[in-house]
Structure formats: structure tokens, C-alpha cells
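Beneath this line is the structure, given in C-alpha cells, with notes to follow.
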Amino acid sequence: MMELFDFIMHIDVHLEEFLAAYGLWVYAILFAIIFVETGVVVMPFLPGDSLLFATGMLAAKFPESLNVWIVLVLLLIAAIAGDALNYSIGRYFGMRVTRIKIFGKSFIKPEHIEKTHTFYEKYGPTTIIIARFVPIVRTLAPFVGGVGKMKYSTFLTYNVIGAFLWVVSLTLAGYYLGRMEIVKDNFGKVVLIIIGLSLLPIILPVLKHWINKRKQKKADEEKPTIEQ
């Protein structure tokens, strides 16, 4: 787990190492990571947001080795194809897939599925778009859409829109902001900010529920006093 955390926090360094070691094969590596994160329901922990941002930075730093427009097209295809695969897994195999374990460990927890269902109840099909920017939910949303037998034409529309907004916004943000020294020198902090912002849709409802629960508890405690 610590290795994964280190990879995410220093993904810019690792991508640069990949580029130096594998050259053009880095395109295939990037494609595979985005495709697997969005397309394989048991892989919700891969670093999608920070990877896109770091890839944009790398394209700005080494434009002769990594073309940002080729990156955008490839990763857009990977994101669309990944969600389509995940939808198909959910539609044809259902919840049985969630029982799959890797090295004896299950990476899909019931609360993750429940949280994704909550997103669907609140946002409907637009969950497919919103989920692109939310870790874990990003991987589970198309799967749950497939389990729920969402109409494929509807799913495909939101899939394409969501993939475009996600890939283009974060990659180009890295491409342009990554040229700034303050960003390059504080990449780890930037990653934490990206992760923090992407977790807001999960954290805010939980916080709201906690506050309402505290208010209700306080009201229940004061109620006997009022009656007296």
C-alpha cells in the first residue's frame, strides 16, 4: 500500500522514468492504466486524476517525446472504452464480480457500492459524468449502471461527455499549469489538493449527515427538559 501511495505522490517522477526507459511505449502504459482503472471494477485504486495531470506536465516538459494531442486522443479512447467494458461487466455478470479477490483481498467494499447507488439516486444518469472526477465511484459508476440495466444509448452519451471533460480538463491543466515553477516544486501538495477536491462529493454528504445527526441528538436530549 505504501508503494502505491509513493507512486501517486511522485507520479511525475515515475512517469519521467517510464519515458526515459520505454520511450514511445509510455503511450501504451498510460493507455493501459486509464483503461484498467475505468474498465476493471476490481481496480478502483489506480491514480486517474493525478496521472492525467502529471501526463500533461510531462508533455509540456518533453514535447518532442510526448505529444499532448496524441495523449489526449489515446486517453480519451481509453476512458470511453474502459467505462464501456465496466458497464458490460455489470450488465452481463452482475454483482458476482464484486466477490473476486486479488491476493486474498477484496478491493470492492459494500459501502463503495452503496455510495455509488446514492450518487445514482441523487444525480441519475449524470452520475456517469460526475463520477469521472470522484475516485472509486469513477470505477464503480459504469459497473452499477450495467447492473441496473441502464439503457446503453443513454450510458454511451454520458460516458463520452464525461470522458471528454475529465481527460481534457485535467491533462490540459497539467500541461499549462505544470510549466509554473511553484507547481513543479510542490507536485506532492498539488496531488493532495486534486485528491481533496475530487473527494468533496463524498465528504460533503457525509459531513452534512453527521451535522444533522448531531442536531437531532441535541434536540432529543433537550426535549424532556422542554416538556418539564
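Please note that chains go A, B, ... in the order of the C-alpha cells, that every chain numbers its residues from 1, and that ligands are numbered from 1 in the order shown.
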
- Would you return as a list in words the members of segment 135-164 of chain A that DSSP assigns to helix (DSSP H, G or I) on this structure's backbone?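 Answer for segment 135-164 of chain A restricted to helix (DSSP H, G or I) is Val137, Arg138, Thr139, Leu140, Ala141, Pro142, Phe143, Val144, Gly145, Gly146, Val147, Tyr152, Ser153, Thr154, Phe155, Leu156, Thr157, Tyr158, Asn159, Val160, Ile161, Gly162, Ala163 and Phe164 of chain A.
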
Any chance you could tabulate, as CSV, the residues of segment 125-175 of chain A at most 7 Å from segment 46-57 of chain A with each one's nearest atom pair and distance in Å to one decimal, using only C-alpha atoms, in chain and rising number order?
residue,atom,partner,partner_atom,distance
A:Val167,CA,A:Leu52,CA,6.7
A:Leu170,CA,A:Phe53,CA,5.2
A:Thr171,CA,A:Gly56,CA,4.5
A:Leu172,CA,A:Gly56,CA,5.8
A:Ala173,CA,A:Phe53,CA,6.4
A:Gly174,CA,A:Phe53,CA,4.3
A:Tyr175,CA,A:Gly56,CA,4.0

- Separation of atom CA of Ile193 of chain A from atom CA of Val73 of chain A in Å: 25.9 Å

- Item | Interatomic distance (Å, one decimal) between atom CA of Gln216 of chain A and atom CA of His117 of chain A |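 Taking atom CA of Gln216 of chain A as the start and atom CA of His117 of chain A as the end point, the length is 25.1 Å.
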
- Query: Closest to Glu114 of chain A among A:Val137, A:Ala131, A:Leu177, A:Ala60, using only C-alpha atoms?
  - Reply: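 Ranking A:Val137, A:Ala131, A:Leu177, A:Ala60 by distance to Glu114 of chain A, first place goes to A:Val137.
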
- Message: One decimal, in Å: what's the spacing between atom CA of Lys215 of chain A and atom CA of Val134 of chain A?
- Response: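 Those two atoms sit 28.4 Å apart.
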
- Message: Which residues are close to Arg132 of chain A, i.e. within 7 Å by only C-alpha atoms, leaving aside same-chain residues fewer than 6 positions away? Reply as JSON, numbers by chain.
- Response: {"A": [138, 162, 166]}

- Item | Contacts of segment 76-80 of chain A within 9 Å, only C-alpha atoms, excl. fewer than 6 positions in-chain, as a list in words | Leu30, Phe31, Ala32, Ile33, Ile34, Phe35, Val36, Glu37, Thr38, Gly39, Leu156, Asn159, Val160, Gly162, Ala163, Phe164, Trp166, Val167 and Val168 of chain A

May I have the selected residues written with N, CA and C atoms, as an mmCIF file, in the first residue's frame?
data_model
loop_
_atom_site.group_PDB
_atom_site.id
_atom_site.type_symbol
_atom_site.label_atom_id
_atom_site.label_comp_id
_atom_site.auth_asym_id
_atom_site.auth_seq_id
_atom_site.Cartn_x
_atom_site.Cartn_y
_atom_site.Cartn_z
ATOM 1 N N LEU A 30 0.321 4.509 -20.424
ATOM 2 C CA LEU A 30 -0.707 5.460 -19.994
ATOM 3 C C LEU A 30 -2.098 4.985 -20.390
ATOM 4 N N PHE A 31 -2.213 4.505 -21.619
ATOM 5 C CA PHE A 31 -3.491 3.982 -22.110
ATOM 6 C C PHE A 31 -3.962 2.841 -21.210
ATOM 7 N N ALA A 32 -3.051 1.927 -20.880
ATOM 8 C CA ALA A 32 -3.405 0.748 -20.082
ATOM 9 C C ALA A 32 -3.875 1.139 -18.681
ATOM 10 N N ILE A 33 -3.192 2.094 -18.048
ATOM 11 C CA ILE A 33 -3.563 2.489 -16.684
ATOM 12 C C ILE A 33 -4.965 3.099 -16.658
ATOM 13 N N ILE A 34 -5.247 4.015 -17.586
ATOM 14 C CA ILE A 34 -6.577 4.646 -17.624
ATOM 15 C C ILE A 34 -7.644 3.628 -17.990
ATOM 16 N N PHE A 35 -7.341 2.751 -18.937
ATOM 17 C CA PHE A 35 -8.312 1.735 -19.356
ATOM 18 C C PHE A 35 -8.641 0.785 -18.209
ATOM 19 N N VAL A 36 -7.615 0.338 -17.494
ATOM 20 C CA VAL A 36 -7.820 -0.610 -16.397
ATOM 21 C C VAL A 36 -8.560 0.057 -15.245
ATOM 22 N N GLU A 37 -8.182 1.292 -14.893
ATOM 23 C CA GLU A 37 -8.847 1.964 -13.775
ATOM 24 C C GLU A 37 -10.332 2.160 -14.036
ATOM 25 N N THR A 38 -10.678 2.531 -15.264
ATOM 26 C CA THR A 38 -12.084 2.783 -15.579
ATOM 27 C C THR A 38 -12.819 1.524 -16.024
ATOM 28 N N GLY A 39 -12.076 0.513 -16.487
ATOM 29 C CA GLY A 39 -12.720 -0.646 -17.097
ATOM 30 C C GLY A 39 -12.763 -1.903 -16.271
ATOM 31 N N LEU A 156 -23.910 5.560 -23.092
ATOM 32 C CA LEU A 156 -22.846 5.939 -24.020
ATOM 33 C C LEU A 156 -22.731 7.459 -24.140
ATOM 34 N N ASN A 159 -21.165 8.696 -21.032
ATOM 35 C CA ASN A 159 -19.808 8.160 -20.995
ATOM 36 C C ASN A 159 -18.857 9.031 -21.810
ATOM 37 N N VAL A 160 -19.253 9.358 -23.039
ATOM 38 C CA VAL A 160 -18.408 10.165 -23.925
ATOM 39 C C VAL A 160 -18.225 11.579 -23.370
ATOM 40 N N GLY A 162 -18.548 12.626 -20.231
ATOM 41 C CA GLY A 162 -17.753 12.559 -19.009
ATOM 42 C C GLY A 162 -16.284 12.327 -19.280
ATOM 43 N N ALA A 163 -15.983 11.417 -20.209
ATOM 44 C CA ALA A 163 -14.589 11.113 -20.560
ATOM 45 C C ALA A 163 -13.913 12.347 -21.135
ATOM 46 N N PHE A 164 -14.605 13.050 -22.011
ATOM 47 C CA PHE A 164 -14.035 14.241 -22.638
ATOM 48 C C PHE A 164 -13.713 15.307 -21.581
ATOM 49 N N TRP A 166 -13.283 14.980 -18.347
ATOM 50 C CA TRP A 166 -12.277 14.503 -17.386
ATOM 51 C C TRP A 166 -10.872 14.524 -17.980
ATOM 52 N N VAL A 167 -10.716 13.859 -19.115
ATOM 53 C CA VAL A 167 -9.393 13.732 -19.732
ATOM 54 C C VAL A 167 -8.852 15.083 -20.181
ATOM 55 N N VAL A 168 -9.657 15.848 -20.886
ATOM 56 C CA VAL A 168 -9.191 17.116 -21.453
ATOM 57 C C VAL A 168 -8.892 18.136 -20.348
#

- Shortest interatomic distance to His14 of chain A - which of A:Thr127, A:Ile29, A:Gly94, A:Ile182, counting only C-alpha atoms: A:Ile29

- Task: With a distance cut-off of 8 Å and only C-alpha atoms, select the neighbouring residues of Tyr158 of chain A, excluding the residue or stretch itself and same-chain residues fewer than 4 positions from it, and output the selection as number ranges by chain.
- Result: A: 125-126, 128-129, 154, 162

Restrict the selected residues to all heavy atoms and save them as a PDB file, in the first residue's frame.
ATOM      1  N   PRO A 125     -28.609   9.581 -14.432  1.00  0.00           N
ATOM      2  CA  PRO A 125     -27.591   9.206 -15.415  1.00  0.00           C
ATOM      3  C   PRO A 125     -26.367  10.127 -15.430  1.00  0.00           C
ATOM      4  O   PRO A 125     -25.279   9.709 -15.830  1.00  0.00           O
ATOM      5  CB  PRO A 125     -28.342   9.301 -16.754  1.00  0.00           C
ATOM      6  CG  PRO A 125     -29.775   9.157 -16.398  1.00  0.00           C
ATOM      7  CD  PRO A 125     -29.919   9.808 -15.064  1.00  0.00           C
ATOM      8  N   THR A 126     -26.535  11.392 -14.968  1.00  0.00           N
ATOM      9  CA  THR A 126     -25.392  12.308 -14.953  1.00  0.00           C
ATOM     10  C   THR A 126     -24.315  11.849 -13.966  1.00  0.00           C
ATOM     11  O   THR A 126     -23.208  12.386 -13.955  1.00  0.00           O
ATOM     12  CB  THR A 126     -25.814  13.746 -14.588  1.00  0.00           C
ATOM     13  OG1 THR A 126     -26.518  13.723 -13.342  1.00  0.00           O
ATOM     14  CG2 THR A 126     -26.712  14.339 -15.661  1.00  0.00           C
ATOM     15  N   ILE A 128     -22.681   9.285 -14.300  1.00  0.00           N
ATOM     16  CA  ILE A 128     -21.588   8.801 -15.163  1.00  0.00           C
ATOM     17  C   ILE A 128     -20.591   9.930 -15.430  1.00  0.00           C
ATOM     18  O   ILE A 128     -19.379   9.695 -15.508  1.00  0.00           O
ATOM     19  CB  ILE A 128     -22.145   8.253 -16.501  1.00  0.00           C
ATOM     20  CG1 ILE A 128     -23.122   7.090 -16.244  1.00  0.00           C
ATOM     21  CG2 ILE A 128     -21.012   7.792 -17.407  1.00  0.00           C
ATOM     22  CD1 ILE A 128     -22.493   5.896 -15.557  1.00  0.00           C
ATOM     23  N   ILE A 129     -21.090  11.163 -15.559  1.00  0.00           N
ATOM     24  CA  ILE A 129     -20.215  12.315 -15.792  1.00  0.00           C
ATOM     25  C   ILE A 129     -19.543  12.741 -14.493  1.00  0.00           C
ATOM     26  O   ILE A 129     -18.323  12.888 -14.423  1.00  0.00           O
ATOM     27  CB  ILE A 129     -21.008  13.494 -16.384  1.00  0.00           C
ATOM     28  CG1 ILE A 129     -21.564  13.137 -17.766  1.00  0.00           C
ATOM     29  CG2 ILE A 129     -20.123  14.741 -16.478  1.00  0.00           C
ATOM     30  CD1 ILE A 129     -22.447  14.213 -18.374  1.00  0.00           C
ATOM     31  N   THR A 154     -28.162   5.783 -23.611  1.00  0.00           N
ATOM     32  CA  THR A 154     -28.071   6.828 -22.568  1.00  0.00           C
ATOM     33  C   THR A 154     -26.706   6.779 -21.916  1.00  0.00           C
ATOM     34  O   THR A 154     -26.043   7.807 -21.735  1.00  0.00           O
ATOM     35  CB  THR A 154     -29.161   6.630 -21.506  1.00  0.00           C
ATOM     36  OG1 THR A 154     -30.437   6.688 -22.124  1.00  0.00           O
ATOM     37  CG2 THR A 154     -29.059   7.704 -20.422  1.00  0.00           C
ATOM     38  N   GLY A 162     -18.548  12.626 -20.231  1.00  0.00           N
ATOM     39  CA  GLY A 162     -17.753  12.559 -19.009  1.00  0.00           C
ATOM     40  C   GLY A 162     -16.284  12.327 -19.280  1.00  0.00           C
ATOM     41  O   GLY A 162     -15.412  12.965 -18.676  1.00  0.00           O
TER      42      GLY A 162
END
